[in-house]
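Trainee: Below is the file start-v8.cif, which contains mmCIF, C-alpha atoms.
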```cif
data_entry
#
loop_
_atom_site.label_atom_id
_atom_site.label_comp_id
_atom_site.auth_asym_id
_atom_site.auth_seq_id
_atom_site.Cartn_x
_atom_site.Cartn_y
_atom_site.Cartn_z
CA MET A 1 14.31 18.50 -7.00
CA ARG A 2 14.52 14.99 -5.62
CA LEU A 3 11.59 12.72 -6.33
CA GLU A 4 10.83 12.01 -2.67
CA ASN A 5 11.01 15.69 -1.68
CA MET A 6 8.56 16.69 -4.38
CA ALA A 7 6.09 13.92 -3.48
CA TYR A 8 6.43 14.72 0.23
CA ARG A 9 5.74 18.41 -0.34
CA GLY A 10 2.77 17.65 -2.58
CA PHE A 11 1.13 15.21 -0.16
CA THR A 12 1.81 17.38 2.88
CA LEU A 13 0.40 20.50 1.24
CA GLY A 14 -2.79 18.64 0.26
CA LEU A 15 -3.05 17.19 3.74
CA ILE A 16 -2.64 20.52 5.56
CA VAL A 17 -5.06 22.41 3.29
CA SER A 18 -7.66 19.65 3.63
CA LEU A 19 -7.20 19.43 7.40
CA PHE A 20 -7.64 23.20 7.71
CA ILE A 21 -10.84 23.25 5.60
CA LEU A 22 -12.40 20.21 7.32
CA THR A 23 -11.65 21.61 10.79
CA ALA A 24 -13.22 24.93 9.76
CA GLY A 25 -16.27 22.95 8.59
CA PHE A 26 -16.63 21.26 11.97
CA ILE A 27 -16.25 24.52 13.87
CA LEU A 28 -18.96 26.05 11.69
CA ALA A 29 -21.19 22.97 12.11
CA TYR A 30 -20.87 23.33 15.89
CA VAL A 31 -21.52 27.10 15.91
CA ASP A 32 -24.29 27.14 13.31
CA PRO A 33 -25.65 23.64 12.53
CA SER A 34 -28.04 24.95 9.87
CA SER A 35 -25.40 26.77 7.80
CA SER A 36 -25.18 25.64 4.17
CA LEU A 37 -21.53 26.69 4.12
CA THR A 38 -20.68 23.64 6.25
CA ALA A 39 -21.46 21.15 3.47
CA MET A 40 -19.45 23.27 1.02
CA LEU A 41 -16.45 23.25 3.34
CA PHE A 42 -16.67 19.48 3.83
CA TYR A 43 -16.94 18.97 0.07
CA ALA A 44 -13.97 21.26 -0.59
CA GLY A 45 -11.85 19.57 2.09
CA ILE A 46 -12.53 16.09 0.74
CA MET A 47 -11.98 17.18 -2.87
CA VAL A 48 -8.58 18.64 -1.98
CA LEU A 49 -7.64 15.24 -0.53
CA ILE A 50 -8.87 13.33 -3.56
CA VAL A 51 -7.07 15.44 -6.16
CA THR A 52 -3.80 15.50 -4.21
CA PRO A 53 -2.52 12.07 -5.42
CA ALA A 54 -3.33 12.96 -9.03
CA THR A 55 -1.36 16.21 -8.72
CA VAL A 56 1.59 14.42 -7.12
CA ILE A 57 1.74 11.65 -9.72
CA ALA A 58 1.53 14.20 -12.57
CA SER A 59 4.45 16.08 -10.99
CA LEU A 60 6.41 12.82 -10.70
CA LEU A 61 5.85 12.23 -14.40
CA LEU A 62 7.25 15.69 -15.17
CA ILE A 63 10.34 14.98 -13.05
CA PHE A 64 10.97 11.66 -14.82
CA VAL A 65 10.62 13.36 -18.20
CA LYS A 66 12.92 16.18 -17.11
CA ASN A 67 15.52 13.69 -15.84
CA GLY A 68 15.35 11.73 -19.09
CA GLU A 69 14.20 8.56 -17.29
CA LYS A 70 12.12 7.28 -20.18
CA TYR A 71 11.13 3.90 -18.68
CA MET A 72 9.94 5.37 -15.40
CA ALA A 73 8.18 8.20 -17.28
CA LEU A 74 6.39 5.62 -19.45
CA ILE A 75 5.39 3.53 -16.42
CA THR A 76 4.05 6.62 -14.62
CA PHE A 77 2.16 7.71 -17.71
CA ILE A 78 0.54 4.26 -18.10
CA VAL A 79 -0.41 4.26 -14.40
CA ILE A 80 -2.13 7.64 -14.83
CA VAL A 81 -4.01 6.42 -17.92
CA VAL A 82 -5.09 3.15 -16.23
CA ILE A 83 -6.28 5.01 -13.11
CA ILE A 84 -8.34 7.36 -15.30
CA ILE A 85 -9.83 4.45 -17.29
CA SER A 86 -10.64 2.46 -14.12
CA GLY A 87 -12.32 5.58 -12.69
CA LEU A 88 -14.40 5.92 -15.85
CA LEU A 89 -15.28 2.18 -15.77
CA LYS A 90 -16.47 2.42 -12.19
CA LYS A 91 -18.62 5.36 -13.18
CA GLY A 92 -20.08 3.32 -16.03
CA MET B 1 -26.96 14.43 17.16
CA GLN B 2 -24.89 14.66 13.98
CA ILE B 3 -22.07 16.40 15.88
CA ALA B 4 -22.07 13.71 18.60
CA LEU B 5 -22.02 10.94 15.98
CA SER B 6 -19.20 12.69 14.09
CA PHE B 7 -17.19 13.00 17.27
CA ALA B 8 -17.70 9.32 18.09
CA LEU B 9 -16.71 8.32 14.54
CA ALA B 10 -13.55 10.43 14.66
CA ILE B 11 -12.53 8.84 17.97
CA VAL B 12 -13.17 5.30 16.72
CA MET B 13 -11.10 5.93 13.58
CA ILE B 14 -7.95 6.85 15.55
CA PRO B 15 -6.98 3.24 16.45
CA VAL B 16 -7.95 2.11 12.92
CA GLY B 17 -5.57 4.70 11.44
CA PHE B 18 -2.88 3.70 13.91
CA LEU B 19 -3.11 0.03 12.90
CA ALA B 20 -3.36 0.86 9.18
CA ALA B 21 -0.15 2.93 9.42
CA LEU B 22 1.72 0.12 11.17
CA VAL B 23 0.91 -2.63 8.66
CA GLY B 24 0.41 -0.67 5.41
CA ILE B 25 -3.29 -1.28 4.83
CA GLY B 26 -6.02 1.21 3.96
CA GLY B 27 -8.35 0.03 6.68
CA GLY B 28 -11.45 -0.35 4.49
CA THR B 29 -12.04 -3.92 5.63
CA ILE B 30 -12.11 -2.72 9.23
CA ILE B 31 -13.99 0.56 8.62
CA VAL B 32 -16.99 -0.94 6.78
CA PRO B 33 -17.89 -3.52 9.49
CA LEU B 34 -17.32 -0.84 12.17
CA LEU B 35 -19.69 1.61 10.51
CA THR B 36 -22.39 -0.96 9.80
CA LEU B 37 -22.23 -3.04 13.00
CA PHE B 38 -21.53 -0.39 15.61
CA PHE B 39 -22.95 2.78 14.06
CA GLY B 40 -25.83 1.19 12.18
CA LEU B 41 -25.01 2.85 8.86
CA PRO B 42 -26.39 1.24 5.67
CA ILE B 43 -23.72 -0.81 3.85
CA LYS B 44 -23.66 1.43 0.75
CA GLU B 45 -23.14 4.56 2.85
CA ALA B 46 -20.45 2.79 4.87
CA VAL B 47 -18.57 1.69 1.73
CA ALA B 48 -18.66 5.23 0.28
CA ILE B 49 -17.36 6.74 3.54
CA SER B 50 -14.73 4.02 3.78
CA ILE B 51 -13.32 4.70 0.30
CA VAL B 52 -12.87 8.42 1.00
CA THR B 53 -11.36 7.60 4.39
CA VAL B 54 -8.86 5.20 2.80
CA VAL B 55 -7.63 8.06 0.56
CA ALA B 56 -7.04 10.19 3.67
CA ALA B 57 -5.24 7.28 5.36
CA GLY B 58 -3.09 6.74 2.27
CA ILE B 59 -2.12 10.39 1.88
CA THR B 60 -1.29 10.84 5.57
CA GLY B 61 0.78 7.64 5.59
CA ALA B 62 2.47 8.49 2.30
CA SER B 63 3.35 12.00 3.46
CA ARG B 64 4.82 10.89 6.79
CA TYR B 65 6.76 7.91 5.38
CA LEU B 66 8.16 10.05 2.58
CA LYS B 67 9.41 12.47 5.20
CA GLN B 68 11.13 9.57 6.98
CA LYS B 69 12.58 8.50 3.59
CA ILE B 70 11.23 4.93 3.88
CA THR B 71 8.92 4.96 0.83
CA ASN B 72 10.26 3.61 -2.47
CA ILE B 73 8.41 5.73 -5.05
CA ARG B 74 9.89 3.99 -8.11
CA LEU B 75 8.90 0.57 -6.83
CA GLY B 76 5.44 1.84 -5.92
CA LEU B 77 4.83 3.19 -9.41
CA PHE B 78 6.24 0.03 -11.01
CA LEU B 79 3.91 -2.26 -9.03
CA GLU B 80 0.99 0.13 -9.41
CA LEU B 81 1.16 -0.65 -13.12
CA SER B 82 0.00 -4.24 -12.64
CA THR B 83 -2.17 -3.63 -9.57
CA THR B 84 -4.38 -1.11 -11.38
CA LEU B 85 -4.57 -3.33 -14.47
CA GLY B 86 -5.50 -6.28 -12.26
CA ALA B 87 -8.13 -4.23 -10.43
CA MET B 88 -9.68 -3.18 -13.73
CA LEU B 89 -9.75 -6.78 -14.94
CA GLY B 90 -11.12 -7.91 -11.59
CA ALA B 91 -14.00 -5.44 -11.75
CA VAL B 92 -14.98 -6.89 -15.13
CA LEU B 93 -14.49 -10.55 -14.09
CA ALA B 94 -16.47 -10.02 -10.88
CA LEU B 95 -19.62 -9.77 -12.96
CA SER B 96 -19.16 -13.26 -14.44
CA LEU B 97 -17.89 -15.31 -11.46
CA PRO B 98 -19.82 -16.31 -8.33
CA SER B 99 -18.34 -14.26 -5.52
CA PHE B 100 -18.50 -17.02 -2.87
CA ILE B 101 -15.77 -18.94 -4.74
CA LEU B 102 -13.61 -15.82 -4.70
CA PHE B 103 -14.25 -15.29 -1.00
CA PHE B 104 -13.17 -18.88 -0.22
CA LEU B 105 -10.09 -18.62 -2.45
CA LEU B 106 -9.00 -15.35 -0.91
CA ALA B 107 -9.69 -16.69 2.59
CA VAL B 108 -7.28 -19.58 1.97
CA VAL B 109 -4.62 -17.23 0.55
CA LEU B 110 -4.96 -14.70 3.39
CA LEU B 111 -4.90 -17.35 6.11
CA TYR B 112 -1.84 -18.97 4.56
CA ILE B 113 0.05 -15.67 4.19
CA GLY B 114 -1.12 -14.51 7.62
CA LEU B 115 0.18 -17.60 9.41
CA ASN B 116 3.38 -17.40 7.38
CA GLN B 117 3.94 -13.81 8.57
CA LEU B 118 3.36 -14.86 12.16
CA LEU B 119 5.93 -17.65 11.89
CA ARG B 120 8.59 -15.70 9.99
CA GLY B 121 8.78 -12.56 12.11
CA LYS B 122 12.07 -13.51 13.72
CA LYS B 123 13.70 -14.28 10.37
CA GLU B 124 12.86 -10.75 9.15
CA ARG B 125 14.63 -9.20 12.13
CA GLU B 126 17.67 -11.43 11.62
CA MET B 127 17.86 -10.36 7.97
CA ILE B 128 17.71 -6.70 9.00
CA MET B 129 20.34 -7.13 11.73
CA HIS B 130 22.75 -9.03 9.46
CA GLN B 131 22.23 -6.62 6.54
CA ALA B 132 21.09 -9.63 4.47
CA TYR B 133 18.82 -7.50 2.29
CA GLU B 134 21.90 -5.80 0.84
CA GLU B 135 23.41 -9.12 -0.23
CA ILE B 136 20.43 -10.17 -2.35
CA SER B 137 21.33 -10.04 -6.03
CA GLU B 138 19.45 -7.33 -7.87
CA ASP B 139 17.76 -8.43 -11.10
CA ILE B 140 18.08 -6.67 -14.44
CA ILE B 141 14.72 -4.84 -14.34
CA ALA B 142 15.39 -3.54 -10.82
CA ARG B 143 18.83 -2.32 -11.96
CA LYS B 144 17.47 -0.70 -15.11
CA LEU B 145 14.71 1.14 -13.23
CA ASN B 146 16.91 1.91 -10.22
CA LEU B 147 14.42 0.24 -7.84
CA SER B 148 16.79 -0.69 -5.01
CA GLY B 149 17.27 1.71 -2.12
CA LYS B 150 17.97 2.30 1.55
CA TYR B 151 16.28 3.64 4.67
CA TRP B 152 17.10 4.49 8.25
CA ASP B 153 15.74 1.87 10.65
CA ALA B 154 15.11 3.72 13.91
CA ALA B 155 14.48 0.51 15.89
CA GLU B 156 17.85 -1.00 14.88
CA ASN B 157 19.53 2.41 14.82
CA SER B 158 21.21 1.68 11.50
CA GLU B 159 20.93 2.35 7.78
CA ILE B 160 19.46 -0.62 5.91
CA LYS B 161 20.35 -1.02 2.25
CA TYR B 162 18.27 -3.39 0.15
CA LYS B 163 18.26 -4.73 -3.38
CA VAL B 164 15.10 -5.58 -5.27
CA THR B 165 14.80 -8.97 -6.92
CA ASN B 166 12.07 -11.12 -8.56
CA THR B 167 10.53 -8.02 -10.16
CA LEU B 168 8.62 -10.02 -12.76
CA GLN B 169 7.20 -12.37 -10.15
CA GLY B 170 6.27 -9.33 -8.04
CA LEU B 171 4.60 -7.73 -11.03
CA LEU B 172 2.57 -10.87 -11.73
CA ALA B 173 1.63 -11.32 -8.07
CA SER B 174 0.50 -7.67 -8.00
CA ILE B 175 -1.91 -8.45 -10.83
CA ILE B 176 -3.45 -11.08 -8.55
CA ALA B 177 -3.60 -8.54 -5.70
CA GLY B 178 -5.30 -6.11 -8.09
CA LEU B 179 -7.69 -8.83 -9.30
CA ALA B 180 -8.70 -9.63 -5.73
CA SER B 181 -9.24 -5.97 -4.95
CA GLY B 182 -11.31 -5.42 -8.10
CA MET B 183 -13.38 -8.59 -7.66
CA LEU B 184 -14.05 -8.41 -3.95
CA GLY B 185 -13.78 -4.70 -3.27
CA ILE B 186 -10.98 -5.13 -0.72
CA GLY B 187 -7.98 -2.84 -0.68
CA GLY B 188 -4.84 -4.24 -2.26
CA GLY B 189 -2.60 -3.14 0.63
CA VAL B 190 -3.23 -6.32 2.52
CA LEU B 191 -1.65 -8.36 -0.30
CA LYS B 192 0.86 -5.77 -1.56
CA VAL B 193 2.94 -5.79 1.63
CA PRO B 194 3.55 -9.60 1.66
CA ILE B 195 4.23 -9.53 -2.11
CA MET B 196 6.94 -6.87 -1.73
CA ASN B 197 8.35 -8.44 1.43
CA ASP B 198 8.21 -12.16 0.63
CA VAL B 199 8.43 -12.25 -3.18
CA MET B 200 10.60 -9.21 -3.97
CA LYS B 201 12.70 -9.44 -0.78
CA ILE B 202 12.12 -5.87 0.36
CA PRO B 203 12.30 -5.02 4.10
CA VAL B 204 8.83 -5.06 5.65
CA LYS B 205 8.98 -1.38 6.69
CA VAL B 206 9.72 -0.26 3.12
CA ALA B 207 6.86 -2.51 1.94
CA VAL B 208 4.48 -0.90 4.44
CA ALA B 209 5.48 2.65 3.45
CA THR B 210 5.37 1.92 -0.28
CA SER B 211 1.97 0.25 0.07
CA LYS B 212 0.64 3.47 1.63
CA PHE B 213 1.92 5.49 -1.32
CA MET B 214 0.32 3.08 -3.83
CA MET B 215 -2.98 2.97 -2.01
CA CYS B 216 -3.69 6.67 -2.14
CA LEU B 217 -3.20 6.64 -5.94
CA THR B 218 -5.72 3.85 -6.57
CA ALA B 219 -8.27 4.80 -3.93
CA SER B 220 -8.48 8.44 -5.08
CA ALA B 221 -9.87 7.43 -8.50
CA ALA B 222 -12.64 5.37 -6.90
CA ALA B 223 -13.34 8.08 -4.31
CA LEU B 224 -13.77 10.70 -7.03
CA VAL B 225 -16.50 8.59 -8.65
CA TYR B 226 -18.33 8.16 -5.34
CA ILE B 227 -18.13 11.89 -4.57
CA ASN B 228 -19.33 12.92 -8.04
CA GLU B 229 -22.31 10.59 -7.77
CA GLY B 230 -23.22 12.15 -4.41
CA ARG B 231 -22.97 8.83 -2.56
CA VAL B 232 -20.72 10.12 0.25
CA ASN B 233 -22.19 11.49 3.48
CA LEU B 234 -19.85 14.49 3.63
CA HIS B 235 -20.41 15.24 7.30
CA LEU B 236 -19.66 11.72 8.52
CA ALA B 237 -16.85 11.20 6.01
CA SER B 238 -15.16 14.38 7.21
CA ALA B 239 -15.27 13.04 10.76
CA THR B 240 -13.79 9.67 9.81
CA ILE B 241 -11.12 11.46 7.76
CA LEU B 242 -10.02 13.63 10.68
CA GLY B 243 -9.95 10.60 12.99
CA ILE B 244 -7.99 8.40 10.64
CA MET B 245 -5.53 11.22 9.87
CA LEU B 246 -4.74 11.53 13.56
CA GLY B 247 -4.39 7.76 13.97
CA GLU B 248 -2.14 7.52 10.90
CA PHE B 249 -0.05 10.41 12.12
CA ILE B 250 0.62 8.64 15.43
CA GLY B 251 1.07 5.24 13.73
CA THR B 252 3.63 6.51 11.24
CA ARG B 253 5.66 8.03 14.08
CA VAL B 254 5.67 4.70 15.90
CA MET B 255 6.20 2.27 12.98
CA ASN B 256 9.89 2.87 12.35
CA ARG B 257 10.66 2.60 16.07
CA VAL B 258 9.14 -0.86 16.29
CA HIS B 259 11.29 -3.89 15.43
CA ALA B 260 10.49 -5.48 12.08
CA ASP B 261 9.49 -8.84 13.62
CA LYS B 262 6.71 -7.13 15.60
CA ILE B 263 5.42 -5.41 12.43
CA LYS B 264 5.38 -8.75 10.64
CA MET B 265 3.53 -10.44 13.48
CA LEU B 266 0.96 -7.66 13.60
CA LEU B 267 0.55 -7.94 9.84
CA GLY B 268 0.08 -11.69 10.28
CA LEU B 269 -2.71 -11.11 12.80
CA VAL B 270 -4.46 -8.61 10.50
CA LEU B 271 -4.19 -10.98 7.53
CA THR B 272 -5.54 -13.88 9.59
CA TYR B 273 -8.48 -11.73 10.71
CA LEU B 274 -9.18 -10.70 7.11
CA GLY B 275 -8.91 -14.35 6.03
CA TYR B 276 -11.56 -15.23 8.58
CA LEU B 277 -13.70 -12.30 7.36
CA MET B 278 -13.53 -13.54 3.76
CA LEU B 279 -14.37 -17.08 4.92
CA ALA B 280 -17.33 -15.77 6.92
CA ARG B 281 -18.61 -13.83 3.89
CA GLY B 282 -18.28 -16.92 1.71
CA VAL B 283 -20.17 -19.02 4.28
CA TYR B 284 -22.87 -16.35 4.45
CA GLN B 285 -23.30 -16.36 0.68
CA VAL B 286 -23.53 -20.15 0.48
CA SER B 287 -25.62 -20.97 3.54
CA GLY B 288 -27.03 -17.68 4.83
CA LEU B 289 -25.29 -18.33 8.16
CA LYS B 290 -24.18 -15.00 9.60
CA LEU B 291 -20.87 -15.41 11.45
CA PRO B 292 -19.59 -12.51 13.60
CA GLY B 293 -18.10 -9.64 11.54
CA VAL B 294 -20.18 -10.19 8.38
#
```
Would you write the structure of this file as C-alpha cells?
Mentor:
Amino acid sequence: MRLENMAYRGFTLGLIVSLFILTAGFILAYVDPSSSLTAMLFYAGIMVLIVTPATVIASLLLIFVKNGEKYMALITFIVIVVIIISGLLKKG
Amino acid sequence: MQIALSFALAIVMIPVGFLAALVGIGGGTIIVPLLTLFFGLPIKEAVAISIVTVVAAGITGASRYLKQKITNIRLGLFLELSTTLGAMLGAVLALSLPSFILFFLLAVVLLYIGLNQLLRGKKEREMIMHQAYEEISEDIIARKLNLSGKYWDAAENSEIKYKVTNTLQGLLASIIAGLASGMLGIGGGVLKVPIMNDVMKIPVKVAVATSKFMMCLTASAAALVYINEGRVNLHLASATILGIMLGEFIGTRVMNRVHADKIKMLLGLVLTYLGYLMLARGVYQVSGLKLPGV
C-alpha cells in the first residue's frame, strides 16, 4: 500500500471515530446533563484522537521496513523514540 | 451553562481552524489568548485545552491534505527528527535561561520572517507558474531519501513538481524551530513552514500540508501527558475540538484553491502578529506593562 494512502486511512479513521464519540457525548450532555457517561465519552473521543498519530507513525515504520527503505525506517524509528522520551520528560 | 459555553467555544474555534489550515499552524498561540481573554478561563486550563485542540487541528489537516496528495510524508518525518530533538533540548534549556530574552529573540525572528513573507508573495506565485521549483537541483540527502515530489495545484490548474534542496540547513533550522517551541511553549508550525519554503525551496502549499502532518505527531505526545494528569477540561476541550475540526475541514478545502502568493501573505500577517505577541510578552516580563493580547 502506498505510504500516503495508509496515512490518510489511518488519520481519517481516527478522525471519524473520534467525531462520532464526541458528538454522542454532546447529545448525551444535552439530554441528560448529570450523566456520568458523558465524561467517559469525551475522554474516549479525545483519547482516540491522541493515539491516532502514534498508530499512523508505527504503521509508516512497518511500511518502510517492508519496502526495505532502511534510512527512512531508521528516521521514523528515532522520531518515535524521541517523541516517547519527550513525553516522559514532560511528565517528569 | 456548560452547554452554552461549549457551543460558544465550538463556534469561535471554526475561524481559528480555518486560518490554521490555510497557513499550516496549530493555532495554540491564538487559542490560549482567546480562551483566557474572552472566555475567562485560567491560563493553565486554557493551555491544556489548547494542546488537545492542536492535535485535533493537526489530524484533520493531515487527513485532508493527504487526501489531496499535497503532504510530503518523507520530508515531514525527516524534519521531525530535528524538531523533536530541538523541542526536548529547549524544554531543558528553558529552565536555565531567562524567558524574556527568548521572547525578544523570537519576536525579532518572527517579525523578520513575517515581513519577508509579505514582501515575497508575488515571487512564490511566479516560481509556481514558471515551474521553477522543478529546476532546483536536488541535493544528495534528498535524492537518497526520495524527498522530492509533486502535487496538483488547484489554483493554477497544473501539476507542480518540486525538488528538495538544502536538507542539512533545513534540518539545522528545524532544531531552532524545535528549540523555540520547547523553550517558549509555542507550536513549531509557525517556523516550520518558512523553513521548508524559504530554506529548502519547497512550494508553500506543500510546506503548509507537511507542517500539519508534523504537528499532530509532536502535539499528541504532549497532549497524552496533559490528559493522563487530568489537567484537561474534557467538556470544553471536546467543544473546541469539534469547532476546530469543522474550521480545518473548510480551510483545507479552500487552501489549494487559493493562489500561493495569498497564502504567503496570510502567513506573513500571522507571523507578524505572533512576533508582536512575543514582543508583548517580553515587555510584560521586563516591565510588567500589559500590552493587548498578553
Trainee: Using all atoms listed in the file, determine which residues lie at most 12 Å from Gly10 in chain A, disregarding the query and same-chain residues fewer than 3 positions distant; provide the list as a list in words.
Mentor: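 Near neighbours after the sequence-gap exclusion: Leu3, Glu4, Asn5, Met6, Ala7, Leu13, Gly14, Leu15, Ile16, Val17, Val48, Leu49, Val51, Thr52, Pro53, Ala54, Thr55, Val56, Ile57, Ala58, Ser59 and Leu60 of chain A; Ile59, Thr60, Ala62, Ser63, Arg64, Leu66 and Lys67 of chain B.
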Trainee: Report the distance between CA of Thr71 in chain B and CA of Tyr8 in chain A in Å, rounded to one decimal place.
Mentor: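 Result for CA of Thr71 in chain B versus CA of Tyr8 in chain A: 10.1 Å, one decimal.
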Trainee: Expressed in Å to a single decimal, how great is the separation between CA of Ile175 in chain B and CA of Ala280 in chain B?
Mentor: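 Rounded to one decimal, the two atoms are 24.6 Å apart.
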Trainee: Would you pick out the contacts of range 37-45 of chain A at 10 Å or less, using all atoms listed in the file, so that residues sharing its chain but fewer than 2 positions from it are not included, and give the list as a PyMOL selection string?
Mentor: (chain A and resi 14-30+32-35+47-50) or (chain B and resi 227+232-239+241)
Trainee: Any chance you can output those residues with C-alpha atoms as a tab-separated table (two decimals), in the frame of the given file?
Mentor:
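File part04.tsv, as written:
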```tsv
chain	number	residue	atom	x	y	z
A	14	GLY	CA	-2.79	18.64	0.26
A	15	LEU	CA	-3.05	17.19	3.74
A	16	ILE	CA	-2.64	20.52	5.56
A	17	VAL	CA	-5.06	22.41	3.29
A	18	SER	CA	-7.66	19.65	3.63
A	19	LEU	CA	-7.20	19.43	7.40
A	20	PHE	CA	-7.64	23.20	7.71
A	21	ILE	CA	-10.84	23.25	5.60
A	22	LEU	CA	-12.40	20.21	7.32
A	23	THR	CA	-11.65	21.61	10.79
A	24	ALA	CA	-13.22	24.93	9.76
A	25	GLY	CA	-16.27	22.95	8.59
A	26	PHE	CA	-16.63	21.26	11.97
A	27	ILE	CA	-16.25	24.52	13.87
A	28	LEU	CA	-18.96	26.05	11.69
A	29	ALA	CA	-21.19	22.97	12.11
A	30	TYR	CA	-20.87	23.33	15.89
A	32	ASP	CA	-24.29	27.14	13.31
A	33	PRO	CA	-25.65	23.64	12.53
A	34	SER	CA	-28.04	24.95	9.87
A	35	SER	CA	-25.40	26.77	7.80
A	47	MET	CA	-11.98	17.18	-2.87
A	48	VAL	CA	-8.58	18.64	-1.98
A	49	LEU	CA	-7.64	15.24	-0.53
A	50	ILE	CA	-8.87	13.33	-3.56
B	227	ILE	CA	-18.13	11.89	-4.57
B	232	VAL	CA	-20.72	10.12	0.25
B	233	ASN	CA	-22.19	11.49	3.48
B	234	LEU	CA	-19.85	14.49	3.63
B	235	HIS	CA	-20.41	15.24	7.30
B	236	LEU	CA	-19.66	11.72	8.52
B	237	ALA	CA	-16.85	11.20	6.01
B	238	SER	CA	-15.16	14.38	7.21
B	239	ALA	CA	-15.27	13.04	10.76
B	241	ILE	CA	-11.12	11.46	7.76
```
Trainee: If the cut-off is 7 Å, can you tell me the residues of chain B near chain A, counting only C-alpha atoms? I'd like them as an NGL selection string.
Mentor: :B and (55-56 or 59-60 or 63 or 66-67 or 77-78 or 80-81 or 84-85 or 88 or 145 or 216-218 or 220-225 or 234-235 or 238)
Trainee: Name the residues captured by the PyMOL selection byres ((chain B and resi 32) around 9) when it is applied to the shown file; answer as a list in words.
Mentor: Gly27, Gly28, Thr29, Ile30, Ile31, Pro33, Leu34, Leu35, Thr36, Leu37, Ile43, Ala46, Val47, Ile49 and Ser50 of chain B
Trainee: As a VMD selection string, please: the residues near Gln131 in chain B (cut-off 8 Å, all atoms listed in the file, same-chain neighbours under 4 positions excluded).
Mentor: chain B and resid 127 135 160 to 161
Trainee: Write a file of the selected residues as a PDB file, in the frame of the given file, keeping C-alpha atoms.
Mentor:
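Listing of part_23.pdb after writing:
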```pdb
ATOM      1  CA  MET B 127      17.860 -10.360   7.970  1.00  0.00           C
ATOM      2  CA  GLU B 135      23.410  -9.120  -0.230  1.00  0.00           C
ATOM      3  CA  ILE B 160      19.460  -0.620   5.910  1.00  0.00           C
ATOM      4  CA  LYS B 161      20.350  -1.020   2.250  1.00  0.00           C
TER       5      LYS B 161
END
```
Trainee: Counting all atoms listed in the file, find residues at most 12 Å from (22.1, -13.4, -2.1) (file frame) and give them as an MDAnalysis selection string.
Mentor: chainID B and resid 127 131:139 162:165 201
Trainee: What does the distance between CA of Lys205 in chain B and CA of Gly24 in chain B come to in Å, to one decimal place?
Mentor: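 We find that CA of Lys205 in chain B and CA of Gly24 in chain B lie 8.7 Å from each other.
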Trainee: Need to verify the contact set: Met13 in chain B, 6 Å, all atoms listed in the file, exclusion of same-chain residues closer than 6 positions in sequence. Can you return it as a list in words?
Mentor: Thr240, Gly243 and Ile244 of chain B
Trainee: Could you save the residues just selected, with C-alpha atoms, as a PDB file, in the coordinates of the input?
Mentor:
```pdb
ATOM      1  CA  THR B 240     -13.790   9.670   9.810  1.00  0.00           C
ATOM      2  CA  GLY B 243      -9.950  10.600  12.990  1.00  0.00           C
ATOM      3  CA  ILE B 244      -7.990   8.400  10.640  1.00  0.00           C
TER       4      ILE B 244
END
```
Trainee: Using only C-alpha atoms, which protein or nucleic acid residues come within 10 Å of Val193 in chain B? Drop anything in the same chain fewer than 6 positions from it, and give the result as a tab-separated table (two decimals) with C-alpha atoms, keeping the file's coordinate frame.
Mentor:
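What ended up in out-v9.tsv:
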```tsv
chain	number	residue	atom	x	y	z
B	23	VAL	CA	0.91	-2.63	8.66
B	24	GLY	CA	0.41	-0.67	5.41
B	25	ILE	CA	-3.29	-1.28	4.83
B	199	VAL	CA	8.43	-12.25	-3.18
B	202	ILE	CA	12.12	-5.87	0.36
B	203	PRO	CA	12.30	-5.02	4.10
B	204	VAL	CA	8.83	-5.06	5.65
B	205	LYS	CA	8.98	-1.38	6.69
B	206	VAL	CA	9.72	-0.26	3.12
B	207	ALA	CA	6.86	-2.51	1.94
B	208	VAL	CA	4.48	-0.90	4.44
B	209	ALA	CA	5.48	2.65	3.45
B	210	THR	CA	5.37	1.92	-0.28
B	211	SER	CA	1.97	0.25	0.07
B	212	LYS	CA	0.64	3.47	1.63
B	264	LYS	CA	5.38	-8.75	10.64
B	267	LEU	CA	0.55	-7.94	9.84
```
Trainee: Here is a test: counting all atoms listed in the file, which residue of B:Met200, B:Glu156, B:Arg253, B:Leu289 is nearest to Glu126 in chain B?
Mentor: B:Glu156
Trainee: Residue by residue, what does the PyMOL selection byres ((chain B and resi 22) around 7) grab here? Present the result as number ranges by chain.
Mentor: B: 18-21, 23-24, 251-252, 255, 263
Trainee: For those residues, write C-alpha atoms to a file as a short mmCIF file (atom, residue, chain, number, x, y, z; two decimals), keeping the file's coordinate frame.
Mentor:
```cif
data_model
loop_
_atom_site.label_atom_id
_atom_site.label_comp_id
_atom_site.auth_asym_id
_atom_site.auth_seq_id
_atom_site.Cartn_x
_atom_site.Cartn_y
_atom_site.Cartn_z
CA PHE B 18 -2.88 3.70 13.91
CA LEU B 19 -3.11 0.03 12.90
CA ALA B 20 -3.36 0.86 9.18
CA ALA B 21 -0.15 2.93 9.42
CA VAL B 23 0.91 -2.63 8.66
CA GLY B 24 0.41 -0.67 5.41
CA GLY B 251 1.07 5.24 13.73
CA THR B 252 3.63 6.51 11.24
CA MET B 255 6.20 2.27 12.98
CA ILE B 263 5.42 -5.41 12.43
#
```
Trainee: On this structure, the PyMOL selection byres ((chain B and resi 108) around 12) would catch which residues? List them as an MDAnalysis selection string, sorted by chain and number.
Mentor: chainID B and resid 101:107 109:115 271:280 282
Trainee: With N, CA and C atoms as the target, complete range 201-205 of chain B and hand it back as a PDB file, in the frame of the given file.
Mentor:
```pdb
ATOM      1  N   LYS B 201      11.636  -9.519  -1.805  1.00  0.00           N
ATOM      2  CA  LYS B 201      12.700  -9.440  -0.780  1.00  0.00           C
ATOM      3  C   LYS B 201      13.012  -7.989  -0.373  1.00  0.00           C
ATOM      4  N   ILE B 202      11.961  -7.254  -0.081  1.00  0.00           N
ATOM      5  CA  ILE B 202      12.120  -5.870   0.360  1.00  0.00           C
ATOM      6  C   ILE B 202      11.803  -5.821   1.853  1.00  0.00           C
ATOM      7  N   PRO B 203      12.572  -5.082   2.658  1.00  0.00           N
ATOM      8  CA  PRO B 203      12.300  -5.020   4.100  1.00  0.00           C
ATOM      9  C   PRO B 203      10.835  -4.632   4.372  1.00  0.00           C
ATOM     10  N   VAL B 204      10.264  -5.221   5.403  1.00  0.00           N
ATOM     11  CA  VAL B 204       8.830  -5.060   5.650  1.00  0.00           C
ATOM     12  C   VAL B 204       8.434  -3.585   5.861  1.00  0.00           C
ATOM     13  N   LYS B 205       9.328  -2.786   6.445  1.00  0.00           N
ATOM     14  CA  LYS B 205       8.980  -1.380   6.690  1.00  0.00           C
ATOM     15  C   LYS B 205       8.886  -0.598   5.382  1.00  0.00           C
TER      16      LYS B 205
END
```
